[in-house]
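Structure file entry09.tsv (TSV, C-alpha atoms and all ligand atoms) follows.
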```tsv
chain	number	residue	atom	x	y	z
A	1	MET	CA	4.77	22.25	-12.16
A	2	LEU	CA	7.46	20.66	-14.31
A	3	ALA	CA	9.77	23.28	-12.80
A	4	GLU	CA	9.72	21.25	-9.56
A	5	LEU	CA	11.74	18.57	-11.36
A	6	SER	CA	15.38	18.74	-12.44
A	7	SER	CA	15.97	18.95	-16.19
A	8	GLU	CA	17.34	15.37	-16.19
A	9	LEU	CA	14.22	14.13	-14.45
A	10	ILE	CA	11.93	16.00	-16.86
A	11	VAL	CA	13.66	14.21	-19.76
A	12	GLU	CA	13.27	10.87	-17.99
A	13	VAL	CA	9.56	11.51	-17.25
A	14	GLN	CA	8.95	12.39	-20.91
A	15	ARG	CA	10.82	9.27	-22.07
A	16	THR	CA	8.81	7.16	-19.62
A	17	ALA	CA	5.49	8.67	-20.74
A	18	LYS	CA	6.31	7.92	-24.40
A	19	LEU	CA	7.14	4.34	-23.53
A	20	LEU	CA	3.93	3.94	-21.52
A	21	VAL	CA	1.51	5.28	-24.12
A	22	ALA	CA	2.87	2.82	-26.65
A	23	LYS	CA	1.93	-0.12	-24.42
A	24	GLN	CA	-1.38	-1.74	-23.56
A	25	ARG	CA	-0.73	-3.77	-20.44
A	26	ILE	CA	0.82	-2.08	-17.43
A	27	CYS	CA	1.28	-3.43	-13.92
A	28	VAL	CA	2.00	-1.10	-11.00
A	29	LEU	CA	3.29	-2.32	-7.64
A	30	THR	CA	3.13	0.19	-4.80
A	31	GLY	CA	4.72	0.11	-1.35
A	32	ALA	CA	4.81	2.23	1.77
A	33	GLY	CA	6.62	5.07	-0.03
A	34	VAL	CA	3.47	5.89	-2.01
A	35	SER	CA	1.67	6.74	1.24
A	36	ALA	CA	4.64	8.54	2.84
A	37	GLU	CA	3.57	11.95	1.54
A	38	SER	CA	0.15	11.36	3.13
A	39	GLY	CA	1.93	11.23	6.49
A	40	ILE	CA	2.00	7.45	6.98
A	41	PRO	CA	5.47	6.26	8.02
A	42	THR	CA	7.23	3.71	5.82
A	43	PHE	CA	8.78	0.60	7.37
A	44	ARG	CA	12.44	0.83	6.51
A	45	ASP	CA	13.35	4.49	5.96
A	46	LYS	CA	16.15	5.39	8.35
A	47	GLN	CA	14.88	7.12	11.53
A	48	THR	CA	11.26	7.53	10.40
A	49	GLY	CA	10.54	3.93	9.32
A	50	LEU	CA	8.42	1.84	11.69
A	51	TRP	CA	10.96	-0.99	11.73
A	52	SER	CA	13.68	1.44	12.82
A	53	GLN	CA	11.64	2.16	15.96
A	54	TYR	CA	9.92	-1.16	16.63
A	55	ARG	CA	10.98	-4.78	16.24
A	56	ALA	CA	8.97	-6.51	13.50
A	57	GLU	CA	9.52	-9.85	15.23
A	58	ASP	CA	7.72	-8.54	18.36
A	59	LEU	CA	4.74	-7.17	16.45
A	60	ALA	CA	4.23	-8.64	12.99
A	61	THR	CA	4.46	-12.41	13.32
A	62	CYS	CA	2.08	-15.15	14.47
A	63	THR	CA	4.58	-16.08	17.18
A	64	ALA	CA	4.52	-12.52	18.52
A	65	PHE	CA	0.70	-12.56	18.62
A	66	ALA	CA	0.64	-15.96	20.35
A	67	ARG	CA	3.20	-14.71	22.90
A	68	ASP	CA	1.62	-11.33	23.63
A	69	PRO	CA	-1.69	-10.72	21.83
A	70	GLN	CA	-2.35	-7.60	23.90
A	71	LEU	CA	0.91	-5.94	22.80
A	72	VAL	CA	0.31	-6.72	19.13
A	73	TRP	CA	-3.37	-5.68	19.22
A	74	SER	CA	-2.52	-2.40	21.01
A	75	TRP	CA	0.17	-1.63	18.46
A	76	TYR	CA	-2.20	-2.11	15.52
A	77	GLN	CA	-4.90	-0.06	17.26
A	78	TRP	CA	-2.29	2.70	17.60
A	79	GLY	CA	-1.50	2.26	13.90
A	80	ARG	CA	-5.18	2.54	13.00
A	81	GLN	CA	-5.43	5.74	15.01
A	82	LEU	CA	-2.36	7.10	13.22
A	83	VAL	CA	-3.73	6.29	9.76
A	84	SER	CA	-7.39	7.19	10.45
A	85	ASP	CA	-7.20	10.82	9.33
A	86	LYS	CA	-4.76	10.33	6.45
A	87	THR	CA	-5.93	11.05	2.93
A	88	PRO	CA	-4.62	10.24	-0.56
A	89	ASN	CA	-1.73	12.35	-1.87
A	90	PRO	CA	-1.07	13.40	-5.49
A	91	ALA	CA	0.53	10.01	-6.27
A	92	HIS	CA	-2.65	8.12	-5.32
A	93	HIS	CA	-4.77	10.61	-7.27
A	94	ALA	CA	-2.57	10.45	-10.38
A	95	LEU	CA	-2.69	6.64	-10.39
A	96	ALA	CA	-6.49	6.67	-10.01
A	97	GLN	CA	-6.90	9.20	-12.82
A	98	TRP	CA	-4.59	7.20	-15.05
A	99	GLN	CA	-6.45	3.97	-14.29
A	100	GLN	CA	-9.76	5.61	-15.25
A	101	HIS	CA	-8.24	7.24	-18.34
A	102	ALA	CA	-6.51	3.97	-19.34
A	103	GLY	CA	-9.85	2.18	-19.54
A	104	LEU	CA	-11.05	4.66	-22.12
A	105	LYS	CA	-7.88	4.32	-24.21
A	106	ASN	CA	-7.73	0.54	-24.33
A	107	GLN	CA	-4.90	0.40	-21.83
A	108	GLN	CA	-5.06	-1.96	-18.89
A	109	LEU	CA	-3.54	-0.63	-15.68
A	110	THR	CA	-3.43	-3.19	-12.87
A	111	ILE	CA	-2.49	-1.76	-9.50
A	112	VAL	CA	-1.14	-4.11	-6.86
A	113	THR	CA	-0.18	-2.82	-3.44
A	114	GLN	CA	1.72	-4.06	-0.43
A	115	ASN	CA	0.07	-1.34	1.62
A	116	VAL	CA	-2.63	-2.16	4.13
A	117	ASP	CA	-4.08	1.36	4.17
A	118	ASP	CA	-7.02	2.17	1.88
A	119	LEU	CA	-5.67	5.37	0.31
A	120	HIS	CA	-5.73	3.93	-3.23
A	121	GLU	CA	-9.42	3.11	-2.76
A	122	GLN	CA	-10.09	6.53	-1.24
A	123	ALA	CA	-8.63	8.01	-4.45
A	124	ASP	CA	-10.96	5.75	-6.47
A	125	SER	CA	-8.50	3.19	-7.78
A	126	THR	CA	-9.25	-0.49	-8.11
A	127	VAL	CA	-6.39	-2.22	-6.34
A	128	THR	CA	-5.26	-5.69	-5.28
A	129	HIS	CA	-3.92	-5.91	-1.72
A	130	LEU	CA	-1.12	-8.43	-1.23
A	131	HIS	CA	-0.56	-7.84	2.47
A	132	GLY	CA	-4.12	-7.52	3.73
A	133	HIS	CA	-6.22	-4.70	5.07
A	134	LEU	CA	-5.60	-2.52	8.11
A	135	TRP	CA	-9.31	-1.94	8.63
A	136	ARG	CA	-10.35	-5.59	8.66
A	137	ASN	CA	-10.18	-8.12	11.48
A	138	ARG	CA	-10.43	-11.88	11.63
A	139	CYS	CA	-10.20	-14.63	14.20
A	140	SER	CA	-6.65	-15.84	14.87
A	141	GLN	CA	-8.00	-19.37	15.42
A	142	CYS	CA	-10.83	-20.07	12.98
A	143	ASP	CA	-10.17	-17.24	10.44
A	144	MET	CA	-13.77	-15.96	10.60
A	145	PRO	CA	-13.98	-12.31	9.54
A	146	HIS	CA	-14.82	-10.14	12.51
A	147	ASN	CA	-16.97	-7.09	11.95
A	148	GLY	CA	-16.88	-5.48	15.38
A	149	VAL	CA	-17.78	-1.89	14.57
A	150	SER	CA	-15.86	-0.53	17.52
A	151	ASN	CA	-12.63	-1.14	15.62
A	152	SER	CA	-13.61	-0.29	12.10
A	153	LYS	CA	-12.79	2.83	10.17
A	154	SER	CA	-16.35	3.18	8.98
A	155	PHE	CA	-17.37	3.55	12.60
A	156	ASN	CA	-14.77	6.25	13.00
A	157	ARG	CA	-16.08	8.10	9.95
A	158	VAL	CA	-19.60	7.92	11.30
A	159	THR	CA	-18.59	9.23	14.68
A	160	SER	CA	-16.48	12.01	13.22
A	161	ASN	CA	-19.63	13.36	11.58
A	162	ARG	CA	-21.35	13.54	14.91
A	163	ASN	CA	-21.58	16.58	17.10
A	164	SER	CA	-18.01	17.34	18.17
A	165	SER	CA	-19.07	17.65	21.81
A	166	ASP	CA	-19.88	13.91	21.78
A	167	ASN	CA	-16.47	12.57	22.77
A	168	SER	CA	-17.73	9.48	24.51
A	169	SER	CA	-18.10	7.41	21.34
A	170	THR	CA	-14.76	8.34	19.73
A	171	ALA	CA	-12.97	7.17	22.87
A	172	HIS	CA	-13.96	3.60	21.93
A	173	ASN	CA	-12.74	3.74	18.35
A	174	TYR	CA	-9.30	2.29	18.89
A	175	ASN	CA	-10.00	0.43	22.09
A	176	GLU	CA	-6.98	-1.63	23.11
A	177	LYS	CA	-9.13	-4.29	24.75
A	178	LEU	CA	-8.64	-7.65	23.10
A	179	LEU	CA	-11.70	-9.04	21.34
A	180	ASN	CA	-12.82	-12.64	21.13
A	181	CYS	CA	-14.39	-14.49	18.24
A	182	THR	CA	-18.12	-15.00	18.73
A	183	ASP	CA	-17.80	-18.43	17.07
A	184	CYS	CA	-14.81	-20.10	18.69
A	185	GLY	CA	-13.61	-17.67	21.38
A	186	GLY	CA	-10.18	-17.17	19.76
A	187	TYR	CA	-8.53	-13.76	19.83
A	188	ILE	CA	-9.36	-11.34	17.03
A	189	ARG	CA	-6.35	-10.12	15.02
A	190	PRO	CA	-5.92	-7.59	12.23
A	191	ASP	CA	-6.42	-9.08	8.74
A	192	ILE	CA	-2.83	-8.33	7.77
A	193	VAL	CA	-0.24	-10.70	6.34
A	194	TRP	CA	2.53	-11.07	8.91
A	195	PHE	CA	6.09	-12.24	8.30
A	196	GLY	CA	6.16	-15.97	7.67
A	197	GLU	CA	2.52	-16.09	6.53
A	198	SER	CA	1.29	-16.86	3.02
A	199	LEU	CA	-0.16	-14.14	0.84
A	200	PRO	CA	-3.90	-14.40	0.06
A	201	SER	CA	-3.91	-16.78	-2.91
A	202	GLU	CA	-6.41	-14.92	-5.10
A	203	ALA	CA	-4.58	-11.61	-4.67
A	204	TRP	CA	-1.24	-13.25	-5.42
A	205	GLN	CA	-2.65	-14.93	-8.52
A	206	THR	CA	-3.93	-11.57	-9.81
A	207	ALA	CA	-0.55	-9.96	-9.15
A	208	GLU	CA	1.47	-12.77	-10.68
A	209	ASN	CA	-0.71	-12.84	-13.83
A	210	ALA	CA	-0.53	-9.06	-14.20
A	211	ALA	CA	3.27	-9.12	-13.79
A	212	ALA	CA	3.74	-12.04	-16.19
A	213	ASN	CA	1.51	-10.50	-18.87
A	214	CYS	CA	2.42	-6.82	-18.65
A	215	GLU	CA	4.54	-4.91	-21.11
A	216	VAL	CA	5.67	-2.40	-18.50
A	217	PHE	CA	6.03	-2.97	-14.77
A	218	ILE	CA	6.26	0.07	-12.47
A	219	SER	CA	7.55	-0.27	-8.94
A	220	ILE	CA	6.62	2.76	-6.81
A	221	GLY	CA	7.77	3.46	-3.25
A	222	THR	CA	8.92	0.01	-2.26
A	223	SER	CA	12.31	-1.06	-0.93
A	224	SER	CA	11.99	-4.28	-2.99
A	225	LEU	CA	13.21	-6.26	-0.01
A	226	VAL	CA	10.13	-8.28	0.90
A	227	TYR	CA	9.28	-11.38	-1.12
A	228	PRO	CA	7.26	-12.63	-2.85
A	229	ALA	CA	6.08	-9.10	-3.82
A	230	ALA	CA	9.65	-8.04	-4.65
A	231	GLY	CA	9.84	-10.95	-7.13
A	232	LEU	CA	7.05	-9.54	-9.31
A	233	ALA	CA	9.48	-7.23	-11.12
A	234	GLN	CA	11.65	-10.25	-11.98
A	235	ILE	CA	8.62	-12.18	-13.26
A	236	ALA	CA	7.74	-9.20	-15.47
A	237	LYS	CA	11.31	-8.85	-16.72
A	238	GLN	CA	11.57	-12.56	-17.59
A	239	ASN	CA	8.46	-12.14	-19.71
A	240	GLY	CA	9.91	-9.25	-21.64
A	241	ALA	CA	8.50	-6.23	-19.79
A	242	LYS	CA	10.33	-2.95	-19.29
A	243	ILE	CA	10.79	-2.11	-15.62
A	244	ILE	CA	10.40	1.37	-14.19
A	245	GLU	CA	11.16	2.33	-10.61
A	246	ILE	CA	9.98	5.49	-8.82
A	247	ASN	CA	11.84	6.00	-5.57
A	248	PRO	CA	13.97	8.82	-4.12
A	249	ASN	CA	16.40	6.19	-2.77
A	250	PRO	CA	18.29	3.30	-4.33
A	251	THR	CA	16.88	-0.23	-3.97
A	252	PRO	CA	18.37	-3.69	-4.60
A	253	ASN	CA	16.08	-4.13	-7.62
A	254	THR	CA	18.54	-5.06	-10.37
A	255	VAL	CA	16.12	-5.45	-13.27
A	256	VAL	CA	15.18	-1.77	-13.61
A	257	ASP	CA	15.38	-0.08	-17.04
A	258	ILE	CA	14.33	3.45	-16.04
A	259	THR	CA	14.63	4.96	-12.56
A	260	LEU	CA	12.77	8.14	-11.67
A	261	VAL	CA	14.62	9.33	-8.59
A	262	ALA	CA	11.98	11.43	-6.86
A	263	ASN	CA	9.04	11.32	-4.48
A	264	ALA	CA	6.01	9.60	-5.95
A	265	GLY	CA	3.77	12.55	-5.08
A	266	VAL	CA	5.92	14.81	-7.25
A	267	VAL	CA	6.66	12.54	-10.19
A	268	MET	CA	3.34	10.71	-10.63
A	269	PRO	CA	1.21	13.79	-11.43
A	270	GLN	CA	3.85	14.86	-13.98
A	271	LEU	CA	3.94	11.43	-15.52
A	272	PHE	CA	0.15	11.22	-15.73
A	273	SER	CA	-0.11	14.68	-17.23
A	274	GLN	CA	2.39	13.73	-19.98
A	275	ILE	CA	0.57	10.44	-20.59
A	276	SER	CA	-2.84	12.11	-20.88
A	277	VAL	CA	-1.50	14.65	-23.39
A	278	LEU	CA	0.07	11.88	-25.49
A	279	LEU	CA	-3.02	9.65	-25.28
A	280	SER	CA	-5.48	12.40	-26.19
B	301	LIG	N1	7.92	8.39	-2.85
B	301	LIG	C1	8.40	7.21	-3.33
B	301	LIG	N2	9.13	6.37	-2.58
B	301	LIG	C2	9.37	6.72	-1.31
B	301	LIG	C3	8.89	7.92	-0.74
B	301	LIG	C4	8.15	8.79	-1.58
B	301	LIG	N3	7.65	9.93	-1.13
B	301	LIG	N4	9.31	7.97	0.55
B	301	LIG	C5	9.99	6.85	0.79
B	301	LIG	N5	10.04	6.08	-0.32
B	301	LIG	C6	10.64	4.77	-0.53
B	301	LIG	C7	11.84	4.48	0.33
B	301	LIG	O1	13.04	4.96	-0.28
B	301	LIG	C8	11.80	2.96	0.40
B	301	LIG	O2	12.54	2.38	-0.67
B	301	LIG	O3	9.67	3.82	-0.15
B	301	LIG	C9	10.32	2.61	0.21
B	301	LIG	C10	9.63	2.08	1.44
B	301	LIG	O4	10.19	0.83	1.74
B	301	LIG	P1	9.67	-0.04	2.97
B	301	LIG	O5	9.57	0.82	4.19
B	301	LIG	O6	10.52	-1.24	3.05
B	301	LIG	O7	8.17	-0.39	2.54
B	301	LIG	P2	7.68	-1.57	1.60
B	301	LIG	O8	8.66	-1.84	0.52
B	301	LIG	O9	6.29	-1.25	1.22
B	301	LIG	O10	7.68	-2.78	2.60
B	301	LIG	C11	7.22	-4.04	2.18
B	301	LIG	O11	7.42	-4.91	4.38
B	301	LIG	O12	7.15	-4.70	6.69
B	301	LIG	C12	6.61	-5.21	5.52
B	301	LIG	O13	4.38	-5.82	5.18
B	301	LIG	C13	5.22	-4.69	5.25
B	301	LIG	O14	4.16	-4.23	3.12
B	301	LIG	C14	5.34	-4.05	3.88
B	301	LIG	C15	6.54	-4.76	3.29
```
Show me the file's structure as structure tokens.
Amino acid sequence: MLAELSSELIVEVQRTAKLLVAKQRICVLTGAGVSAESGIPTFRDKQTGLWSQYRAEDLATCTAFARDPQLVWSWYQWGRQLVSDKTPNPAHHALAQWQQHAGLKNQQLTIVTQNVDDLHEQADSTVTHLHGHLWRNRCSQCDMPHNGVSNSKSFNRVTSNRNSSDNSSTAHNYNEKLLNCTDCGGYIRPDIVWFGESLPSEAWQTAENAAANCEVFISIGTSSLVYPAAGLAQIAKQNGAKIIEINPNPTPNTVVDITLVANAGVVMPQLFSQISVLLS
């Protein structure tokens, strides 16, 4: 498997693994790139990124939802459909295995994600979501969680186990019909943090503490353009952490000590395998 990597990258992975096993507290921040090899488009990659095809200001702001709730709801229902059959890739699995292994070796691996998919959870990681959850809904007016099964992934999983000739139920899974809150009548929206909105305070606190207290901070598959998440690397650096970036493309992150220029799904299994050898 190491043969998939260039000799320079193999050396960098080995150097990174040695650094990581010598440390106790590690914070990982993931972005859309970690799910790219599962078939979920990123936001800002040229041509394939969602924001190269759609305007974020028409779809991912409160103003957009107030102006045209139907358009925004339909777009997220389309997104849910797109993501519904996607599964974790080797990067998610390697992180989950490392997190489980770390617990046994007195290491603490905190994973924070900007992603709204649940692929880290599907791989069995414990993860803090900074930007919300694709599969949850809440009221746009009173904030009440909304558990309408017709729009939840669990409903989809249940129906997919049914007899395949029963198509009538699956047709409702990603219904574009707007829903109303049973409490106040407001429109139901996805429980996702849109541009201009605050991050959930508990999740941010967890992320900020993990970044401030870690000895190594690893940024995987994020363009490092969206704050406050992009500022976590700086918080870690100011507190003396080493910063590692895993990304096939350059980013504006200026505090990086080691860059592994490769896809996360290729480099993470290699990194974990080196770490587990060194930790055993
Ligand atoms: N492995 C690692 N990195 C990858 C891969 C891969 N296989 N494929 C692409 N990337 C990198 C890209 O080079 C890019 O730097 O992933 C990054 C994805 O960047 P963005 O699309 O900007 O995604 P992200 O950083 O997660 O966006 C942050 O912006 O629109 C908002 O709320 C949304 O959470 C999102 C936030």
Please return as an MDAnalysis selection string the residues found within 6 Å of ligand LIG 301 (chain B), counting only C-alpha atoms and all ligand atoms. chainID A and resid 31:34 36:37 42:45 114:115 131 220:224 226 246:249 263:264
Atomic separation - atom CA of Ala56 of chain A relative to atom CA of Phe217 of chain A, Å: 28.6 Å
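Distances here use all atoms listed in the file; by that measure, the residue among A:Leu109, A:Leu260, A:Leu95, A:Ala66 closest to Glu121 of chain A is A:Leu95.
Candidate residues A:Pro200, A:Pro90, A:Pro190, A:Pro145 were compared for distance to Ser38 of chain A, and the nearest is A:Pro90, using only C-alpha atoms.
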Could you tell me how far atom CA of Asn239 of chain A sits from atom CA of Asn209 of chain A, in Å to one decimal place? 10.9 Å
Can you tell me, as a ChimeraX atom specification, what residues are no more than 8 Å from Asp124 of chain A when counting all atoms listed in the file, ignoring any on the same chain fewer than 4 positions away? /A:93,96,120
I'd like a table as a Markdown table: residues in segment 12-89 of chain A with an atom no more than 9 Å from segment 134-141 of chain A, each row giving the shortest atom pair and its distance in Å to one decimal, all atoms listed in the file counted, sorted by chain and rising residue number.
```
| residue | atom | partner | partner_atom | distance |
| --- | --- | --- | --- | --- |
| A:Cys62 | CA | A:Ser140 | CA | 8.8 |
| A:Phe65 | CA | A:Ser140 | CA | 8.9 |
| A:Tyr76 | CA | A:Leu134 | CA | 8.2 |
| A:Gly79 | CA | A:Leu134 | CA | 8.6 |
| A:Arg80 | CA | A:Leu134 | CA | 7.0 |
```
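Closest approach to Gln77 of chain A among A:Ala91, A:Leu179, A:Cys214, A:Leu271: A:Leu179, based on all atoms listed in the file.
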Quick one: everything within 9 Å of segment 276-278 of chain A, counting only C-alpha atoms, minus sequence neighbours fewer than 3 positions away in the same chain. Send it as a VMD selection string. chain A and resid 17 to 18 21 98 101 271 to 273
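Among the candidates A:Ile192, A:Ile218, A:Leu199, A:Ala236, the one nearest to Thr61 of chain A when counting all atoms listed in the file is A:Ile192.
Between atom CA of Tyr174 of chain A and atom CA of His92 of chain A the interatomic distance comes to 25.8 Å.
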Where is the centre and how long are the edges: axis-aligned box on segment 178-191 of chain A, 4 Å on each side, Å to one decimal, as AutoDock Vina command-line options:
```
--center_x -12.0 --center_y -13.8 --center_z 15.9 --size_x 20.2 --size_y 20.5 --size_z 22.4
```
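The smallest atom-to-atom distance between Gln270 of chain A and any of A:Trp75, A:Thr48, A:Val112, A:Gln14, using all atoms listed in the file, is found for A:Gln14.
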Compare A:Thr113, A:Gln99, A:Thr128, A:Asn180 by their minimum atom-to-atom distance to Cys142 of chain A, counting only C-alpha atoms, and give me the closest one. A:Asn180
For Ser201 of chain A, please output as a VMD selection string all residues within 10 Å (counting only C-alpha atoms; exclusion window: fewer than 5 positions along the same chain). chain A and resid 130 206 to 207
Hey, what's within 10 Å of Trp78 of chain A if we count all atoms listed in the file and toss same-chain stuff fewer than 4 positions away? As an NGL selection string, please? :A and (72-74 or 82-84 or 174-176)
Quick one: residues within 12 Å of Arg25 of chain A, only C-alpha atoms counted, chain neighbours fewer than 2 positions away excluded, as a ChimeraX atom specification? /A:19-23,27-28,99,102-103,105-111,209-218,236,241-242
Using all atoms listed in the file, find all polymer residues with an atom at most 10 Å away from the point (13.7, -7.4, -9.9); report them as a CSV table (one decimal) with C-alpha atoms, in the frame of the given file.
```csv
chain,number,residue,atom,x,y,z
A,219,SER,CA,7.6,-0.3,-8.9
A,224,SER,CA,12.0,-4.3,-3.0
A,225,LEU,CA,13.2,-6.3,0.0
A,229,ALA,CA,6.1,-9.1,-3.8
A,230,ALA,CA,9.6,-8.0,-4.6
A,231,GLY,CA,9.8,-11.0,-7.1
A,232,LEU,CA,7.0,-9.5,-9.3
A,233,ALA,CA,9.5,-7.2,-11.1
A,234,GLN,CA,11.6,-10.2,-12.0
A,235,ILE,CA,8.6,-12.2,-13.3
A,236,ALA,CA,7.7,-9.2,-15.5
A,237,LYS,CA,11.3,-8.8,-16.7
A,238,GLN,CA,11.6,-12.6,-17.6
A,243,ILE,CA,10.8,-2.1,-15.6
A,251,THR,CA,16.9,-0.2,-4.0
A,252,PRO,CA,18.4,-3.7,-4.6
A,253,ASN,CA,16.1,-4.1,-7.6
A,254,THR,CA,18.5,-5.1,-10.4
A,255,VAL,CA,16.1,-5.4,-13.3
A,256,VAL,CA,15.2,-1.8,-13.6
```
